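What follows is the content of data25.cif, which has mmCIF, C-alpha atoms and all ligand atoms:
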```
data_work
#
loop_
_atom_site.label_atom_id
_atom_site.label_comp_id
_atom_site.auth_asym_id
_atom_site.auth_seq_id
_atom_site.Cartn_x
_atom_site.Cartn_y
_atom_site.Cartn_z
CA MET E 72 1.11 46.64 50.29
CA SER E 73 2.22 46.12 46.66
CA LYS E 74 3.82 48.98 44.82
CA ILE E 75 3.71 49.71 41.09
CA PHE E 76 5.78 52.47 39.53
CA ALA E 77 4.92 53.91 36.11
CA PHE E 78 7.40 55.66 33.79
CA SER E 79 6.81 58.34 31.14
CA ILE E 80 3.23 59.07 32.13
CA ARG E 81 1.91 61.84 29.92
CA LYS E 82 -0.67 64.42 31.03
CA ASP E 83 -3.38 62.66 29.00
CA GLU E 84 -2.63 59.37 30.80
CA GLU E 85 -2.60 60.81 34.33
CA PRO E 86 -6.40 60.80 34.92
CA TYR E 87 -6.68 57.13 33.92
CA LEU E 88 -3.77 56.16 36.15
CA LYS E 89 -5.34 58.03 39.07
CA GLU E 90 -8.73 56.44 38.36
CA TRP E 91 -7.13 52.97 38.47
CA ALA E 92 -5.20 53.79 41.65
CA ALA E 93 -8.42 54.98 43.34
CA ALA E 94 -10.11 51.71 42.42
CA HIS E 95 -7.16 49.73 43.86
CA PRO E 96 -6.50 51.18 47.34
CA GLU E 97 -4.53 48.02 48.20
CA VAL E 98 -1.79 49.06 45.70
CA GLU E 99 0.56 52.01 46.02
CA VAL E 100 0.92 53.62 42.58
CA ASP E 101 3.59 56.17 41.89
CA TYR E 102 4.77 57.63 38.60
CA THR E 103 7.02 60.01 36.72
CA ASP E 104 6.86 61.71 33.33
CA GLN E 105 10.46 60.69 32.71
CA LEU E 106 11.47 57.89 30.36
CA LEU E 107 12.96 54.71 31.77
CA THR E 108 16.77 54.83 31.46
CA PRO E 109 19.58 53.31 33.55
CA GLU E 110 19.65 56.63 35.45
CA THR E 111 15.92 57.08 36.05
CA ALA E 112 15.37 53.41 36.92
CA LYS E 113 16.15 54.20 40.57
CA LYS E 114 12.94 56.22 40.80
CA ALA E 115 11.18 52.85 40.96
CA ALA E 116 13.08 51.83 44.13
CA GLY E 117 10.88 49.70 46.37
CA ALA E 118 8.38 48.88 43.60
CA ASP E 119 7.29 45.32 42.85
CA GLY E 120 6.64 46.05 39.19
CA VAL E 121 6.91 48.80 36.59
CA VAL E 122 4.57 50.06 33.88
CA VAL E 123 6.24 51.61 30.85
CA TYR E 124 5.82 53.02 27.38
CA GLN E 125 8.54 54.59 25.29
CA GLN E 126 10.05 54.43 21.85
CA LEU E 127 13.50 54.56 23.45
CA ASP E 128 15.15 51.12 23.57
CA TYR E 129 14.93 48.96 26.69
CA THR E 130 18.69 48.31 26.64
CA PRO E 131 20.59 45.67 28.65
CA GLU E 132 21.75 48.48 30.96
CA THR E 133 18.21 49.71 31.54
CA LEU E 134 16.93 46.21 32.28
CA GLN E 135 19.93 45.57 34.55
CA ALA E 136 19.24 48.80 36.47
CA LEU E 137 15.69 47.57 37.22
CA ALA E 138 16.85 44.04 38.08
CA ASP E 139 19.51 45.45 40.44
CA GLN E 140 16.58 46.79 42.49
CA GLY E 141 14.81 43.44 42.38
CA ILE E 142 12.30 44.61 39.75
CA THR E 143 11.69 42.10 36.93
CA LYS E 144 7.97 42.55 36.27
CA MET E 145 7.45 45.02 33.46
CA SER E 146 4.18 45.91 31.76
CA LEU E 147 4.13 47.83 28.49
CA ARG E 148 1.21 50.14 27.78
CA ASN E 149 1.57 49.52 24.02
CA VAL E 150 1.77 46.61 21.60
CA GLY E 151 5.28 46.75 20.13
CA VAL E 152 8.03 44.82 21.94
CA ASP E 153 10.67 45.20 19.21
CA ASN E 154 12.69 47.70 21.28
CA ILE E 155 13.28 45.34 24.22
CA ASP E 156 16.59 43.47 24.51
CA MET E 157 14.88 40.12 24.92
CA ALA E 158 18.09 38.11 25.41
CA LYS E 159 18.99 40.28 28.42
CA ALA E 160 15.41 40.23 29.70
CA LYS E 161 15.49 36.44 29.59
CA GLU E 162 18.87 36.26 31.30
CA LEU E 163 17.58 38.50 34.11
CA GLY E 164 14.34 36.53 34.47
CA PHE E 165 11.98 39.30 33.41
CA SER E 166 8.24 38.72 33.06
CA ILE E 167 6.79 41.13 30.51
CA THR E 168 3.29 42.00 29.36
CA ASN E 169 2.01 44.26 26.61
CA VAL E 170 -1.41 45.53 25.52
CA PRO E 171 -1.93 43.91 22.13
CA VAL E 172 -5.47 45.20 21.66
CA TYR E 173 -6.41 48.59 23.11
CA SER E 174 -8.58 50.06 20.37
CA PRO E 175 -8.38 48.62 16.87
CA ASN E 176 -10.95 51.26 15.89
CA ALA E 177 -8.60 54.11 16.75
CA ILE E 178 -6.04 52.95 14.20
CA ALA E 179 -8.45 51.58 11.60
CA GLU E 180 -10.53 54.77 11.67
CA HIS E 181 -7.44 56.91 11.16
CA ALA E 182 -6.35 54.78 8.20
CA ALA E 183 -9.82 55.03 6.66
CA ILE E 184 -10.14 58.78 7.18
CA GLN E 185 -6.70 59.49 5.72
CA ALA E 186 -7.20 57.15 2.76
CA ALA E 187 -10.51 58.87 1.98
CA ARG E 188 -8.84 62.28 2.28
CA ILE E 189 -6.16 61.25 -0.21
CA LEU E 190 -8.82 60.01 -2.63
CA ARG E 191 -10.70 63.33 -2.38
CA GLN E 192 -7.46 65.34 -2.74
CA SER E 193 -8.40 67.16 0.47
CA LYS E 194 -4.94 68.50 1.24
CA ARG E 195 -4.63 70.05 -2.24
CA MET E 196 -8.14 71.50 -1.89
CA ASP E 197 -7.36 72.94 1.57
CA GLU E 198 -4.17 74.53 0.23
CA LYS E 199 -6.04 76.06 -2.71
CA MET E 200 -8.71 77.44 -0.39
CA ALA E 201 -6.09 78.93 1.92
CA HIS E 202 -4.85 80.98 -1.06
CA GLY E 203 -8.34 82.10 -2.05
CA ASP E 204 -8.62 79.69 -5.01
CA LEU E 205 -12.13 78.32 -4.75
CA ARG E 206 -12.28 76.68 -8.18
CA TRP E 207 -13.28 73.01 -8.49
CA VAL E 208 -10.70 72.04 -11.09
CA PRO E 209 -8.36 70.16 -10.87
CA THR E 210 -9.02 68.67 -7.44
CA ILE E 211 -11.61 66.11 -8.47
CA GLY E 212 -12.09 63.21 -6.04
CA ARG E 213 -12.33 59.46 -6.33
CA GLU E 214 -15.19 57.80 -4.45
CA VAL E 215 -14.28 55.10 -1.96
CA ARG E 216 -17.04 52.86 -3.33
CA ASP E 217 -15.26 52.78 -6.68
CA GLN E 218 -12.06 51.44 -5.15
CA ILE E 219 -10.79 47.94 -4.54
CA VAL E 220 -9.19 48.13 -1.12
CA GLY E 221 -6.41 45.60 -0.46
CA VAL E 222 -5.82 44.89 3.21
CA ILE E 223 -2.55 43.23 4.18
CA GLY E 224 -2.97 41.71 7.64
CA THR E 225 -6.39 40.72 8.91
CA GLY E 226 -5.88 40.91 12.67
CA HIS E 227 -8.04 43.11 14.90
CA ILE E 228 -7.10 46.39 13.19
CA GLY E 229 -7.19 45.08 9.64
CA ARG E 230 -10.66 43.63 10.20
CA VAL E 231 -12.11 46.89 11.55
CA PHE E 232 -10.53 48.73 8.61
CA MET E 233 -12.21 46.27 6.23
CA GLN E 234 -15.61 46.93 7.83
CA ILE E 235 -15.20 50.69 7.64
CA MET E 236 -14.17 50.59 3.99
CA GLU E 237 -17.08 48.30 3.20
CA GLY E 238 -19.32 50.80 4.97
CA PHE E 239 -18.20 53.31 2.35
CA GLY E 240 -19.09 50.75 -0.30
CA ALA E 241 -15.59 49.69 -1.35
CA LYS E 242 -14.82 46.17 -2.56
CA VAL E 243 -12.37 44.72 -0.07
CA ILE E 244 -9.77 42.01 -0.71
CA ALA E 245 -7.24 40.74 1.80
CA TYR E 246 -3.99 38.88 2.24
CA ASP E 247 -2.62 37.27 5.38
CA VAL E 248 -0.22 34.45 6.13
CA PHE E 249 -2.56 33.45 8.97
CA LYS E 250 -6.04 33.37 7.52
CA ASN E 251 -9.10 34.23 9.60
CA PRO E 252 -11.54 31.31 9.08
CA GLU E 253 -14.61 33.58 8.89
CA LEU E 254 -13.04 35.88 6.30
CA GLU E 255 -11.81 32.87 4.37
CA LYS E 256 -15.35 31.46 4.21
CA GLN E 257 -16.56 34.84 2.97
CA GLY E 258 -13.98 34.77 0.18
CA TYR E 259 -11.96 37.87 1.04
CA TYR E 260 -8.50 36.38 0.61
CA VAL E 261 -6.46 36.55 -2.56
CA ASP E 262 -3.77 33.90 -3.03
CA SER E 263 -0.69 36.07 -2.94
CA LEU E 264 0.58 39.56 -2.25
CA ASP E 265 1.19 39.91 -5.98
CA ASP E 266 -2.52 39.27 -6.62
CA LEU E 267 -3.40 41.93 -4.07
CA TYR E 268 -0.98 44.47 -5.56
CA GLN E 269 -2.35 43.83 -9.06
CA GLN E 270 -6.00 44.31 -8.05
CA ALA E 271 -6.03 46.94 -5.31
CA ASP E 272 -6.52 50.69 -5.78
CA VAL E 273 -5.76 51.24 -2.09
CA VAL E 274 -3.13 49.06 -0.37
CA SER E 275 -3.26 49.25 3.43
CA LEU E 276 -0.75 47.61 5.78
CA HIS E 277 -1.90 46.10 9.07
CA VAL E 278 0.91 43.74 10.03
CA PRO E 279 3.58 43.84 12.76
CA ALA E 280 7.21 44.52 11.80
CA MET E 281 9.38 41.44 11.61
CA LYS E 282 12.78 40.70 10.07
CA SER E 283 10.99 38.80 7.30
CA ASN E 284 8.83 41.75 6.18
CA TYR E 285 11.42 44.54 6.44
CA HIS E 286 10.83 46.88 3.45
CA MET E 287 8.14 44.59 2.05
CA ILE E 288 6.91 47.66 0.18
CA ASP E 289 9.92 48.32 -2.04
CA ASP E 290 10.43 49.28 -5.70
CA GLN E 291 9.43 45.80 -6.86
CA ALA E 292 6.24 45.69 -4.80
CA ILE E 293 5.21 49.17 -5.94
CA ALA E 294 5.91 48.28 -9.58
CA LYS E 295 3.33 45.47 -9.25
CA MET E 296 0.67 47.88 -7.97
CA LYS E 297 -1.88 49.59 -10.19
CA ASP E 298 -1.01 53.00 -11.54
CA ASP E 299 -2.51 55.65 -9.24
CA ALA E 300 -2.64 53.31 -6.24
CA VAL E 301 -2.84 54.77 -2.74
CA LEU E 302 -0.51 53.32 -0.10
CA VAL E 303 -1.48 53.42 3.58
CA ASN E 304 0.97 52.64 6.38
CA VAL E 305 -0.39 53.10 9.88
CA SER E 306 1.36 49.95 11.09
CA ARG E 307 5.14 50.04 11.33
CA GLY E 308 7.72 52.23 9.61
CA PRO E 309 10.19 49.49 8.62
CA LEU E 310 7.56 47.79 6.44
CA VAL E 311 8.05 50.52 3.85
CA ASP E 312 11.17 51.48 1.92
CA THR E 313 10.58 55.23 2.13
CA ASP E 314 13.00 56.02 -0.71
CA ALA E 315 11.05 53.67 -2.99
CA VAL E 316 7.82 55.47 -2.09
CA VAL E 317 9.41 58.85 -2.78
CA ARG E 318 10.46 57.56 -6.21
CA ALA E 319 6.93 56.31 -6.88
CA LEU E 320 5.43 59.65 -5.84
CA ASP E 321 7.91 61.49 -8.06
CA SER E 322 7.11 59.31 -11.07
CA GLY E 323 3.36 59.61 -10.46
CA LYS E 324 2.97 55.83 -10.03
CA LEU E 325 1.40 56.37 -6.59
CA PHE E 326 -1.60 58.67 -6.32
CA GLY E 327 -0.91 59.29 -2.66
CA PHE E 328 0.63 58.02 0.54
CA VAL E 329 -0.74 57.89 4.08
CA MET E 330 2.15 57.69 6.54
CA ASP E 331 1.53 57.45 10.27
CA THR E 332 4.63 55.37 10.91
CA TYR E 333 8.08 56.08 9.53
CA GLU E 334 11.19 53.96 9.53
CA ASP E 335 13.28 56.80 11.03
CA GLU E 336 10.64 58.15 13.40
CA VAL E 337 12.43 57.54 16.71
CA GLY E 338 13.67 60.84 18.10
CA VAL E 339 11.72 62.86 15.49
CA PHE E 340 8.04 62.04 16.03
CA ASN E 341 6.39 63.27 19.24
CA GLU E 342 8.89 66.14 19.53
CA ASP E 343 8.26 69.86 19.02
CA TRP E 344 10.43 71.16 16.16
CA THR E 345 8.93 74.67 16.17
CA ASN E 346 11.73 77.23 15.69
CA LYS E 347 14.33 74.47 15.52
CA ASP E 348 16.20 72.92 12.60
CA PHE E 349 14.08 70.06 11.32
CA PRO E 350 16.35 67.02 11.49
CA ASP E 351 15.09 64.91 8.55
CA ALA E 352 14.99 66.40 5.04
CA ARG E 353 13.24 63.37 3.52
CA LEU E 354 10.48 63.54 6.10
CA LYS E 355 10.10 67.31 5.60
CA ASP E 356 9.72 66.74 1.87
CA LEU E 357 7.01 64.13 2.49
CA ILE E 358 5.17 66.40 4.94
CA ASP E 359 5.17 69.19 2.33
CA ARG E 360 3.79 67.10 -0.53
CA PRO E 361 0.13 67.72 -1.45
CA ASN E 362 -0.61 64.01 -1.94
CA VAL E 363 1.06 62.74 1.24
CA LEU E 364 -0.57 62.78 4.65
CA VAL E 365 1.97 62.41 7.43
CA THR E 366 0.91 62.06 11.05
CA PRO E 367 3.46 61.40 13.82
CA HIS E 368 2.36 57.88 14.87
CA THR E 369 -0.91 59.22 16.23
CA ALA E 370 -3.35 56.76 14.68
CA PHE E 371 -3.61 55.11 18.11
CA TYR E 372 -3.96 58.40 19.98
CA THR E 373 -7.56 58.60 21.20
CA THR E 374 -9.03 58.87 24.67
CA HIS E 375 -10.53 55.39 24.28
CA ALA E 376 -7.20 53.82 23.37
CA VAL E 377 -5.11 55.69 25.94
CA ARG E 378 -7.45 54.73 28.77
CA ASN E 379 -7.28 51.06 27.77
CA MET E 380 -3.50 51.17 27.47
CA VAL E 381 -3.08 52.54 30.99
CA VAL E 382 -5.72 50.39 32.66
CA LYS E 383 -4.78 47.13 30.94
CA ALA E 384 -1.07 47.62 31.63
CA LEU E 385 -1.75 48.27 35.32
CA ASP E 386 -4.07 45.23 35.50
CA ASN E 387 -1.37 43.08 33.92
CA ASN E 388 1.29 44.39 36.25
CA LEU E 389 -0.81 43.82 39.34
CA ALA E 390 -1.52 40.26 38.25
CA MET E 391 2.21 39.57 37.94
CA VAL E 392 2.97 41.30 41.24
CA GLU E 393 0.36 39.07 42.90
CA ASP E 394 1.85 35.99 41.18
CA LYS E 395 -1.22 35.51 39.04
CA GLU E 396 -1.37 34.91 35.30
CA PRO E 397 -1.56 38.28 33.46
CA ASP E 398 -4.02 38.60 30.56
CA THR E 399 -1.46 39.30 27.88
CA PRO E 400 2.04 37.98 28.65
CA VAL E 401 4.83 38.51 26.12
CA LYS E 402 7.17 35.66 25.20
CA VAL E 403 10.52 36.65 26.68
CA GLY E 404 13.56 35.39 24.75
C1 LIG S 501 2.00 50.46 19.77
O1 LIG S 501 1.11 50.26 20.60
O2 LIG S 501 2.99 49.70 19.70
C2 LIG S 501 1.90 51.61 18.86
O3 LIG S 501 2.31 51.55 17.74
C3 LIG S 501 1.35 52.88 19.39
C4 LIG S 501 2.40 53.57 20.19
C5 LIG S 501 2.89 54.80 19.55
C6 LIG S 501 1.86 53.85 21.56
#
```
Would you encode the structure as structure tokens?
Amino acid sequence: MSKIFAFSIRKDEEPYLKEWAAAHPEVEVDYTDQLLTPETAKKAAGADGVVVYQQLDYTPETLQALADQGITKMSLRNVGVDNIDMAKAKELGFSITNVPVYSPNAIAEHAAIQAARILRQSKRMDEKMAHGDLRWVPTIGREVRDQIVGVIGTGHIGRVFMQIMEGFGAKVIAYDVFKNPELEKQGYYVDSLDDLYQQADVVSLHVPAMKSNYHMIDDQAIAKMKDDAVLVNVSRGPLVDTDAVVRALDSGKLFGFVMDTYEDEVGVFNEDWTNKDFPDARLKDLIDRPNVLVTPHTAFYTTHAVRNMVVKALDNNLAMVEDKEPDTPVKVG
């Protein structure tokens, strides 16, 4: 009987893991809520493969601790693989899978909702209401249909975001290094990022983080944007130079900022800071601003997405354990 061990299973993932296990009586599935570390790796003893998700790095020591037990088949429940020491994984002969598409709608919907909320000044309005101020002025909104929405990255998520914004009546333009032939035929693409910055009222990022696009949204990029532009980052924190955004919010250049991912989020997001010293003054300042909507990397966090993440990761892992080709292998190395 094959055995799969899953790390850091949250309460909301448990039912989907159990559902999968019930549908696969030929596989023994065991799990813990603990993160995978060199110390906890031994919990997987006897397993043929592991299923994981964590923001914590998959360090050489962690990978070695798995390999020491003969475990080299690892399936991520998420997309991002930037926290895996790939050189070590290659040296140890790891096979790795991820779940590149679990629910583009979850993330695109969140981006659209938050962008619309910024345009309608909802946070300012809510704060006024909470103090008993029920006047209209000055929280007048901007309609989505009056905006040009610039989408950077036209993969699965970017494309759903485009559809949603078009549903609201916005004019959508796009930029991508890898053009989608259908979108190209329909004339969505502008020639350069500069063109997009110059035309868009809302700039939304839907690209993975790479060395080449680190801080792509910096002072220079923002300076090229329209006055009163709205910036949306539900993709990856390192894409945005947060200090540059703070400067642009201070100067009034940006109308608002949607931030679901933050360059310093590891160790801060998905933690409870109630009655504790908040560890990041810049983040606290952003959270408190009336024209900034911060969410702690929860754009993905829906029942639909979480189910797919668990089920697809287990399917991938089982395929590898049974020496079959998994659906979504990751290039190791
Ligand atoms: C990913 O899948 O890589 C994400 O960004 C969502 C994560 C927080 C589970």
Inset, instruction - Using only C-alpha atoms and all ligand atoms, find each residue with an atom at most 7 Å away from ligand LIG 501 (chain S) and format the answer as a count of residues only. - result: 7
Legend entry - Selected residue, from E:Arg195, E:Lys74, E:Lys347, E:His181, that lies nearest to Ile228 of chain E when counting only C-alpha atoms: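 Of all the options, E:His181 lies closest to Ile228 of chain E.
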Legend entry - Top pick for closest residue to Glu84 of chain E, considering E:Met196, E:Gly224, E:Glu99, E:Tyr124 and counting all atoms listed in the file: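 Nearest candidate to Glu84 of chain E out of E:Met196, E:Gly224, E:Glu99, E:Tyr124: E:Tyr124.
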Go through segment 78-191 of chain E and flag each residue having an atom no more than 10 Å from segment 326-344 of chain E; for those, report the closest pair of atoms plus their distance in Å to one decimal, using only C-alpha atoms, ordered by chain and rising number, as CSV.
```
residue,atom,partner,partner_atom,distance
E:Gln125,CA,E:Val337,CA,9.9
E:Gln126,CA,E:Val337,CA,6.5
E:Leu127,CA,E:Val337,CA,7.4
E:Asp128,CA,E:Val337,CA,9.8
E:Ile178,CA,E:Asp331,CA,9.6
E:His181,CA,E:Asp331,CA,9.0
E:Ala182,CA,E:Val329,CA,7.6
E:Ala183,CA,E:Val329,CA,9.9
E:Ile184,CA,E:Val329,CA,9.9
E:Gln185,CA,E:Val329,CA,6.4
E:Ala186,CA,E:Val329,CA,6.6
E:Arg188,CA,E:Val329,CA,9.4
E:Ile189,CA,E:Gly327,CA,6.1
E:Leu190,CA,E:Gly327,CA,7.9
```
Legend entry - Surrounding residues of Val403 of chain E excluding itself and chain neighbours under 3 positions, 8 Å, all atoms listed in the file, as an MDAnalysis selection string: chainID E and resid 157:158 160:161 165:167
Inset, instruction - Could you give me, as a PyMOL selection string, the residues that have an atom at most 6 Å away from the point (4.0, 58.6, 37.4) in the coordinates of the file, using all atoms listed in the file? - result: chain E and resi 77-78+80+101-104
Legend entry - Among the residues E:Met72, E:Ala319, E:Val243, E:Val301, the one that comes closest to Gln192 of chain E [using all atoms listed in the file]: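 Looking only at the distances to Gln192 of chain E, the closest residue turns out to be E:Val301.
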Legend entry - Pick from E:Pro279, E:Pro209, E:Pro350, E:Pro109 nearest to Gln135 of chain E, counting all atoms listed in the file: E:Pro109
Inset, instruction - Would you please work out which residue, of E:Ile223, E:Ala300, E:Val377, E:Val274, is nearest to Asn362 of chain E when using all atoms listed in the file? - result: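 Under the stated criterion, the closest residue is E:Ala300.
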Legend entry - Selected residue, from E:Phe76, E:Tyr246, E:Tyr87, E:Phe239, that lies nearest to Gly117 of chain E when counting all atoms listed in the file: E:Phe76
Legend entry - Contact residues around Leu264 of chain E with all atoms listed in the file at 10 Å, ignoring same-chain residues under 4 positions, as a PyMOL selection string: chain E and resi 221-223+245-248+268-270+292+295
Can those selected residues be exported to a file as a compact mmCIF listing (two decimals), in the frame of the given file so that it contains C-alpha atoms?
```
# COMPACT_ATOMS: atom_id res chain seq x y z
CA GLY E 221 -6.41 45.60 -0.46
CA VAL E 222 -5.82 44.89 3.21
CA ILE E 223 -2.55 43.23 4.18
CA ALA E 245 -7.24 40.74 1.80
CA TYR E 246 -3.99 38.88 2.24
CA ASP E 247 -2.62 37.27 5.38
CA VAL E 248 -0.22 34.45 6.13
CA TYR E 268 -0.98 44.47 -5.56
CA GLN E 269 -2.35 43.83 -9.06
CA GLN E 270 -6.00 44.31 -8.05
CA ALA E 292 6.24 45.69 -4.80
CA LYS E 295 3.33 45.47 -9.25
```
Inset, instruction - Calculate how many Å separate atom CA of Val381 of chain E from atom CA of Val365 of chain E, rounding to one decimal. - result: 26.0 Å
Legend entry - Distance of atom CA of Ile155 of chain E from atom CA of Val303 of chain E, expressed in Å to one decimal place: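 So the answer is 26.6 Å.
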